[in-house]
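**Student:** Structure supplied as work12.csv; contents: CSV, C-alpha atoms.
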```csv
chain,number,residue,atom,x,y,z
A,1,MET,CA,-29.3,-103.8,-112.6
A,2,VAL,CA,-28.8,-107.4,-111.4
A,3,VAL,CA,-26.8,-106.1,-108.4
A,4,GLU,CA,-29.6,-103.7,-107.5
A,5,ILE,CA,-32.2,-106.4,-107.7
A,6,VAL,CA,-30.2,-108.7,-105.5
A,7,ALA,CA,-29.5,-105.9,-103.0
A,8,GLY,CA,-33.2,-105.2,-102.9
A,9,LEU,CA,-34.1,-108.8,-102.3
A,10,ILE,CA,-31.5,-109.0,-99.5
A,11,THR,CA,-32.9,-105.9,-97.9
A,12,SER,CA,-36.4,-107.1,-98.1
A,13,ALA,CA,-35.4,-110.5,-96.6
A,14,MET,CA,-33.6,-108.7,-93.7
A,15,THR,CA,-36.6,-106.5,-93.1
A,16,ALA,CA,-38.9,-109.5,-93.1
A,17,THR,CA,-36.7,-111.3,-90.7
A,18,ALA,CA,-36.5,-108.4,-88.3
A,19,ALA,CA,-40.3,-108.1,-88.4
A,20,VAL,CA,-40.7,-111.8,-87.6
A,21,VAL,CA,-38.2,-111.5,-84.7
A,22,TRP,CA,-40.1,-108.5,-83.4
A,23,ARG,CA,-43.5,-110.2,-83.6
A,24,TYR,CA,-42.0,-113.2,-81.7
A,25,ARG,CA,-40.8,-111.0,-78.9
A,26,VAL,CA,-44.1,-109.1,-78.7
A,27,ARG,CA,-45.9,-112.4,-78.4
A,28,MET,CA,-43.5,-113.5,-75.6
A,29,LEU,CA,-44.0,-110.3,-73.7
A,30,ALA,CA,-47.8,-110.6,-74.1
A,31,GLN,CA,-47.8,-113.8,-72.1
A,32,PRO,CA,-47.6,-113.6,-68.3
A,33,ARG,CA,-44.0,-114.7,-67.8
A,34,ARG,CA,-41.1,-113.7,-65.5
A,35,VAL,CA,-38.4,-111.6,-67.1
A,36,ARG,CA,-35.0,-111.2,-65.6
A,37,VAL,CA,-33.7,-107.7,-66.2
A,38,SER,CA,-30.1,-106.6,-65.9
A,39,PHE,CA,-28.9,-103.1,-66.9
A,40,SER,CA,-25.2,-102.3,-66.6
A,41,ALA,CA,-22.5,-99.8,-67.6
A,42,LEU,CA,-19.2,-101.0,-68.8
A,43,LEU,CA,-15.9,-99.1,-69.2
A,44,ARG,CA,-13.6,-99.7,-72.2
A,45,ILE,CA,-10.0,-98.9,-71.4
A,46,ARG,CA,-8.1,-99.4,-74.7
A,47,ASP,CA,-4.9,-98.6,-76.4
A,48,ASP,CA,-4.8,-99.9,-79.9
A,49,ASP,CA,-5.5,-103.6,-79.7
A,50,ARG,CA,-5.0,-103.9,-75.9
A,51,TYR,CA,-8.0,-103.9,-73.6
A,52,VAL,CA,-7.8,-103.7,-69.8
A,53,LEU,CA,-9.8,-106.4,-67.9
A,54,PHE,CA,-10.2,-106.9,-64.2
A,55,HIS,CA,-10.5,-110.2,-62.3
A,56,ALA,CA,-14.1,-110.8,-61.4
A,57,ILE,CA,-14.5,-111.5,-57.6
A,58,ASN,CA,-17.8,-113.3,-58.0
A,59,ARG,CA,-16.5,-115.3,-61.0
A,60,PRO,CA,-13.1,-116.6,-59.9
A,61,GLY,CA,-10.7,-117.3,-62.7
A,62,SER,CA,-12.5,-115.0,-65.2
A,63,TYR,CA,-11.9,-111.4,-66.3
A,64,GLY,CA,-14.1,-108.7,-67.6
A,65,PRO,CA,-14.3,-104.9,-68.2
A,66,PRO,CA,-14.6,-102.6,-65.2
A,67,GLY,CA,-18.3,-101.7,-64.5
A,68,GLY,CA,-21.4,-103.4,-63.4
A,69,ALA,CA,-25.1,-103.1,-62.7
A,70,TYR,CA,-26.7,-99.7,-62.1
A,71,LYS,CA,-28.2,-99.2,-58.7
A,72,TYR,CA,-31.6,-97.8,-58.0
A,73,LEU,CA,-31.9,-95.0,-55.5
A,74,SER,CA,-34.3,-94.6,-52.6
A,75,ASP,CA,-36.6,-92.4,-54.6
A,76,GLY,CA,-36.8,-95.1,-57.3
A,77,GLU,CA,-38.0,-97.8,-54.9
A,78,ALA,CA,-41.6,-96.7,-55.1
A,79,GLN,CA,-41.6,-96.6,-58.8
A,80,LEU,CA,-40.0,-100.1,-59.1
A,81,GLU,CA,-42.6,-101.4,-56.5
A,82,ARG,CA,-45.4,-100.2,-58.8
A,83,LEU,CA,-43.7,-102.1,-61.7
A,84,GLY,CA,-43.6,-105.3,-59.6
A,85,PHE,CA,-39.8,-105.4,-59.7
A,86,LYS,CA,-38.3,-108.0,-57.4
A,87,ASP,CA,-34.6,-108.1,-56.5
A,88,GLU,CA,-32.9,-111.3,-57.5
A,89,PRO,CA,-31.2,-113.4,-54.8
A,90,LYS,CA,-27.6,-112.3,-54.1
A,91,PRO,CA,-24.6,-114.6,-53.8
A,92,THR,CA,-23.6,-115.5,-50.3
A,93,GLY,CA,-21.1,-112.9,-49.0
A,94,LEU,CA,-22.0,-110.3,-51.6
A,95,ILE,CA,-25.4,-109.2,-50.4
A,96,ASP,CA,-24.2,-105.8,-49.2
A,97,HIS,CA,-22.0,-105.3,-52.3
A,98,MET,CA,-24.9,-106.0,-54.7
A,99,ARG,CA,-27.7,-104.4,-52.7
A,100,HIS,CA,-30.1,-102.3,-54.9
A,101,ASP,CA,-28.5,-103.6,-58.2
A,102,LEU,CA,-30.8,-103.2,-61.2
A,103,ARG,CA,-30.8,-107.0,-61.6
A,104,GLY,CA,-34.1,-108.6,-60.8
A,105,PHE,CA,-37.4,-109.7,-62.1
A,106,VAL,CA,-40.5,-108.1,-63.6
A,107,ASP,CA,-43.6,-109.5,-65.2
A,108,SER,CA,-43.4,-109.6,-69.0
A,109,ARG,CA,-46.2,-107.2,-69.3
A,110,SER,CA,-44.2,-104.6,-67.3
A,111,VAL,CA,-41.0,-104.7,-69.4
A,112,LYS,CA,-41.8,-101.7,-71.6
A,113,LYS,CA,-42.7,-99.6,-68.6
A,114,PHE,CA,-39.5,-100.7,-66.9
A,115,ILE,CA,-37.5,-99.6,-69.9
A,116,ARG,CA,-39.3,-96.3,-70.0
A,117,TRP,CA,-38.5,-95.8,-66.3
A,118,PHE,CA,-34.8,-96.6,-66.8
A,119,ASP,CA,-34.6,-94.3,-69.8
A,120,SER,CA,-36.1,-91.4,-67.8
A,121,GLY,CA,-33.0,-91.5,-65.6
A,122,THR,CA,-35.0,-90.9,-62.5
A,123,GLY,CA,-34.6,-92.9,-59.3
A,124,ARG,CA,-31.3,-94.5,-60.4
A,125,GLU,CA,-27.6,-93.8,-60.8
A,126,SER,CA,-26.4,-91.9,-63.8
A,127,ALA,CA,-23.7,-93.6,-65.9
A,128,THR,CA,-21.1,-91.4,-64.4
A,129,GLU,CA,-22.1,-92.3,-60.8
A,130,CYS,CA,-22.3,-96.0,-61.7
A,131,LEU,CA,-18.9,-96.2,-63.4
A,132,ARG,CA,-17.1,-94.1,-60.7
A,133,ARG,CA,-18.6,-96.3,-57.9
A,134,GLU,CA,-17.8,-99.6,-59.7
A,135,LEU,CA,-14.3,-98.5,-60.7
A,136,ALA,CA,-13.5,-97.5,-57.1
A,137,GLU,CA,-14.9,-100.8,-55.7
A,138,GLU,CA,-13.0,-102.9,-58.3
A,139,LEU,CA,-9.7,-101.1,-57.9
A,140,ALA,CA,-9.8,-102.2,-54.2
A,141,GLU,CA,-10.7,-105.7,-55.2
A,142,VAL,CA,-7.8,-106.0,-57.7
A,143,GLY,CA,-5.3,-104.7,-55.1
A,144,HIS,CA,-4.8,-101.1,-56.3
A,145,PRO,CA,-6.6,-98.8,-53.8
A,146,GLU,CA,-4.0,-96.1,-54.3
A,147,LEU,CA,-5.7,-95.3,-57.6
A,148,ILE,CA,-9.1,-94.7,-56.1
A,149,ASP,CA,-8.6,-91.0,-55.4
A,150,HIS,CA,-8.3,-90.4,-59.1
A,151,VAL,CA,-11.8,-91.9,-59.9
A,152,ALA,CA,-13.9,-89.1,-58.4
A,153,SER,CA,-12.9,-86.6,-61.2
A,154,LEU,CA,-13.3,-89.0,-64.1
A,155,GLU,CA,-15.8,-88.2,-66.9
A,156,PHE,CA,-17.0,-90.7,-69.5
A,157,THR,CA,-18.1,-90.6,-73.2
A,158,PRO,CA,-20.7,-93.0,-74.5
A,159,LEU,CA,-19.6,-95.6,-77.0
A,160,ARG,CA,-22.5,-97.9,-77.7
A,161,VAL,CA,-25.6,-99.4,-76.1
A,162,VAL,CA,-26.3,-103.1,-76.6
A,163,GLN,CA,-29.7,-104.6,-75.6
A,164,THR,CA,-30.3,-108.3,-75.8
A,165,GLY,CA,-33.6,-110.2,-75.4
A,166,PRO,CA,-36.0,-110.8,-73.9
A,167,ARG,CA,-35.3,-114.4,-74.8
A,168,GLN,CA,-35.1,-117.8,-73.2
A,169,GLU,CA,-31.7,-119.0,-72.1
A,170,PRO,CA,-30.7,-122.6,-71.3
A,171,GLY,CA,-31.2,-123.8,-67.8
A,172,THR,CA,-33.8,-121.2,-66.9
A,173,ASP,CA,-37.6,-121.0,-66.9
A,174,TYR,CA,-37.8,-117.3,-67.5
A,175,LEU,CA,-36.8,-114.7,-70.1
A,176,HIS,CA,-33.7,-112.6,-70.0
A,177,LEU,CA,-33.4,-108.9,-70.9
A,178,ARG,CA,-30.0,-107.3,-70.7
A,179,ARG,CA,-28.7,-103.9,-71.5
A,180,PHE,CA,-25.0,-102.9,-71.6
A,181,GLU,CA,-24.0,-99.3,-72.0
A,182,VAL,CA,-20.3,-99.0,-72.9
A,183,TYR,CA,-18.3,-95.9,-72.2
A,184,ASP,CA,-14.7,-94.6,-72.7
A,185,ILE,CA,-12.8,-92.5,-70.2
A,186,ALA,CA,-12.9,-88.9,-71.4
A,187,VAL,CA,-9.3,-87.9,-71.6
A,188,ALA,CA,-7.3,-84.9,-72.8
A,189,PRO,CA,-3.8,-85.4,-74.3
A,190,THR,CA,-2.4,-84.6,-70.8
A,191,GLY,CA,-4.0,-84.5,-67.4
A,192,ALA,CA,-5.1,-86.7,-64.5
A,193,ALA,CA,-7.5,-88.8,-66.6
A,194,ALA,CA,-4.8,-89.6,-69.2
A,195,GLN,CA,-2.3,-90.5,-66.4
A,196,PHE,CA,-4.9,-92.7,-64.7
A,197,LYS,CA,-5.6,-94.5,-68.0
A,198,GLN,CA,-1.9,-95.0,-68.7
A,199,ARG,CA,-1.3,-96.4,-65.3
A,200,LEU,CA,-4.0,-99.0,-65.8
A,201,LEU,CA,-2.5,-99.9,-69.2
A,202,GLU,CA,0.9,-100.4,-67.6
A,203,LEU,CA,-0.5,-102.6,-64.9
A,204,ALA,CA,-2.3,-104.7,-67.5
A,205,GLU,CA,1.0,-105.5,-69.1
A,206,ASP,CA,2.9,-106.1,-65.8
A,207,PRO,CA,3.6,-109.9,-65.6
A,208,THR,CA,3.6,-109.7,-61.8
A,209,THR,CA,0.1,-108.3,-61.7
A,210,HIS,CA,-2.5,-111.1,-62.0
A,211,LEU,CA,-5.7,-109.4,-61.3
A,212,ILE,CA,-5.5,-106.8,-64.1
A,213,VAL,CA,-4.7,-108.1,-67.6
A,214,GLY,CA,-4.4,-106.8,-71.1
A,215,VAL,CA,-6.0,-108.7,-73.9
A,216,GLY,CA,-6.5,-108.4,-77.6
A,217,ALA,CA,-9.7,-108.4,-79.6
A,218,THR,CA,-8.9,-112.0,-80.8
A,219,ASP,CA,-8.7,-113.1,-77.1
A,220,ILE,CA,-12.1,-111.5,-76.4
A,221,GLU,CA,-13.6,-113.3,-79.4
A,222,TYR,CA,-12.0,-116.6,-78.3
A,223,GLY,CA,-13.3,-116.2,-74.7
A,224,ARG,CA,-10.1,-116.8,-72.8
A,225,CYS,CA,-6.5,-115.5,-72.3
A,226,THR,CA,-3.4,-116.8,-70.6
A,227,ALA,CA,-4.8,-115.6,-67.2
A,228,GLY,CA,-8.2,-117.3,-67.5
A,229,LEU,CA,-11.6,-117.0,-69.0
A,230,ILE,CA,-13.0,-113.8,-70.5
A,231,GLY,CA,-16.6,-112.9,-69.6
A,232,GLY,CA,-19.0,-112.8,-72.5
A,233,GLN,CA,-19.9,-109.1,-71.9
A,234,ALA,CA,-16.3,-108.1,-72.9
A,235,ALA,CA,-17.4,-108.7,-76.5
A,236,PHE,CA,-19.3,-105.4,-76.3
A,237,LEU,CA,-15.9,-103.6,-76.0
A,238,ILE,CA,-15.3,-104.4,-79.6
A,239,GLY,CA,-18.8,-104.7,-81.1
A,240,THR,CA,-22.4,-105.5,-80.6
A,241,LYS,CA,-22.3,-109.3,-80.9
A,242,ARG,CA,-21.9,-111.5,-77.8
A,243,ARG,CA,-19.9,-114.6,-78.7
A,244,HIS,CA,-20.0,-116.6,-75.5
A,245,PRO,CA,-22.7,-117.2,-72.8
A,246,PRO,CA,-22.4,-115.5,-69.4
A,247,ILE,CA,-20.1,-117.1,-66.9
A,248,PRO,CA,-22.3,-118.1,-63.9
A,249,ALA,CA,-21.5,-116.3,-60.7
A,250,VAL,CA,-20.5,-118.1,-57.5
A,251,ARG,CA,-23.4,-118.5,-55.1
```
Please re-express this file's structure in structure tokens.
**Tutor:**
Amino acid sequence: MVVEIVAGLITSAMTATAAVVWRYRVRMLAQPRRVRVSFSALLRIRDDDRYVLFHAINRPGSYGPPGGAYKYLSDGEAQLERLGFKDEPKPTGLIDHMRHDLRGFVDSRSVKKFIRWFDSGTGRESATECLRRELAEELAEVGHPELIDHVASLEFTPLRVVQTGPRQEPGTDYLHLRRFEVYDIAVAPTGAAAQFKQRLLELAEDPTTHLIVGVGATDIEYGRCTAGLIGGQAAFLIGTKRRHPPIPAVR
């Protein structure tokens, strides 16, 4: 009986806390403020407690899971224009690479409409299109273009969706809303996808390969490995809690 009462009190407290947080976010969105939105797909390549990470070209010395921001398509531009979406400035030298990324700014009063537009799937890449494109680009960046031909046939299975914010972050005068959709490679016991995954796992454990690394869950939680820093978004490969702030990109 005592256990049931305590459990009931804990549940009530958690519900009350969630309600307070929600009311706080609603109040923030009701005020006319800029909100930075960033919606991405990430790929988990795992074997037991080994996770494959790639070197991040725009964050030298750091590693993260393959994947990146969804891109909006030409038929989505008009819809985003109506929502007041503004592309964020791109780092020097990566303007073409990051063109049409779903990283930008909307007014706080348009956030719900932006999320509904994204969830509709119209005017933007699908998760499969995003992950195939990002994986092909990043394989070239980490020095293994010979694997790109295998990417076009890959399929993916959803693992989890993590949405954070909108909330204030240190050093900025706007709110941040991020969504990370995490996927696994859909593999049969044998076949091209299984061979592709196995090759990446082998490269991650090759001591002569420095742009692809294999790390454990404890490395991800700690935020660094022997090769360098581990980006905060890697935490979503193992759960829903981000343990470290984002690593700033080079401008």
**Student:** Separation of CA of Ile212 in chain A and CA of Asp49 in chain A, in Å?
**Tutor:** 15.9 Å
**Student:** Pull the neighbourhood of (-12.7, -90.7, -63.1) for me: all residues within 10 Å in file coordinates, counting all atoms listed in the file, as a list in words.
**Tutor:**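 Residues satisfying the cut-off, written out: Thr128, Glu129, Leu131, Arg132, Arg133, Leu135, Ala136, Ile148, Asp149, His150, Val151, Ala152, Ser153, Leu154, Glu155, Phe156, Ile185, Ala186, Val187, Ala192, Ala193, Phe196 and Lys197 of chain A.
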**Student:** In Å, how far is it from CA of Phe180 in chain A to CA of Arg242 in chain A?
**Tutor:**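 Taking CA of Phe180 in chain A as the start and CA of Arg242 in chain A as the end point, the length is 11.0 Å.
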**Student:** Excluding same-chain residues fewer than 4 positions from range 52-63 of chain A, what lies within 6 Å of it counting all atoms listed in the file, as an MDAnalysis selection string?
**Tutor:** chainID A and resid 45 211:214 228:231 249:250
**Student:** List every residue of range 44-141 of chain A that has an atom at most 6 Å from any atom of range 31-39 of chain A, giving for each one its closest atom pair and the distance in Å to one decimal, counting all atoms listed in the file, sorted by chain and then by ascending residue number, as a Markdown table.
**Tutor:**
```
| residue | atom | partner | partner_atom | distance |
| --- | --- | --- | --- | --- |
| A:Ala69 | CA | A:Phe39 | CA | 5.7 |
| A:Leu102 | CA | A:Ser38 | CA | 5.8 |
| A:Arg103 | CA | A:Ser38 | CA | 4.4 |
| A:Gly104 | CA | A:Val37 | CA | 5.5 |
| A:Phe105 | CA | A:Arg36 | CA | 4.5 |
| A:Val106 | CA | A:Val35 | CA | 5.4 |
| A:Asp107 | CA | A:Arg34 | CA | 4.9 |
| A:Ser108 | CA | A:Arg33 | CA | 5.3 |
```
**Student:** Give the answer as one residue: which of A:Pro66, A:Gly216, A:Pro248, A:Gly76 has the shortest atom-to-atom distance to Thr122 in chain A, using only C-alpha atoms?
**Tutor:**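 Among the listed residues, A:Gly76 lies closest to Thr122 in chain A.
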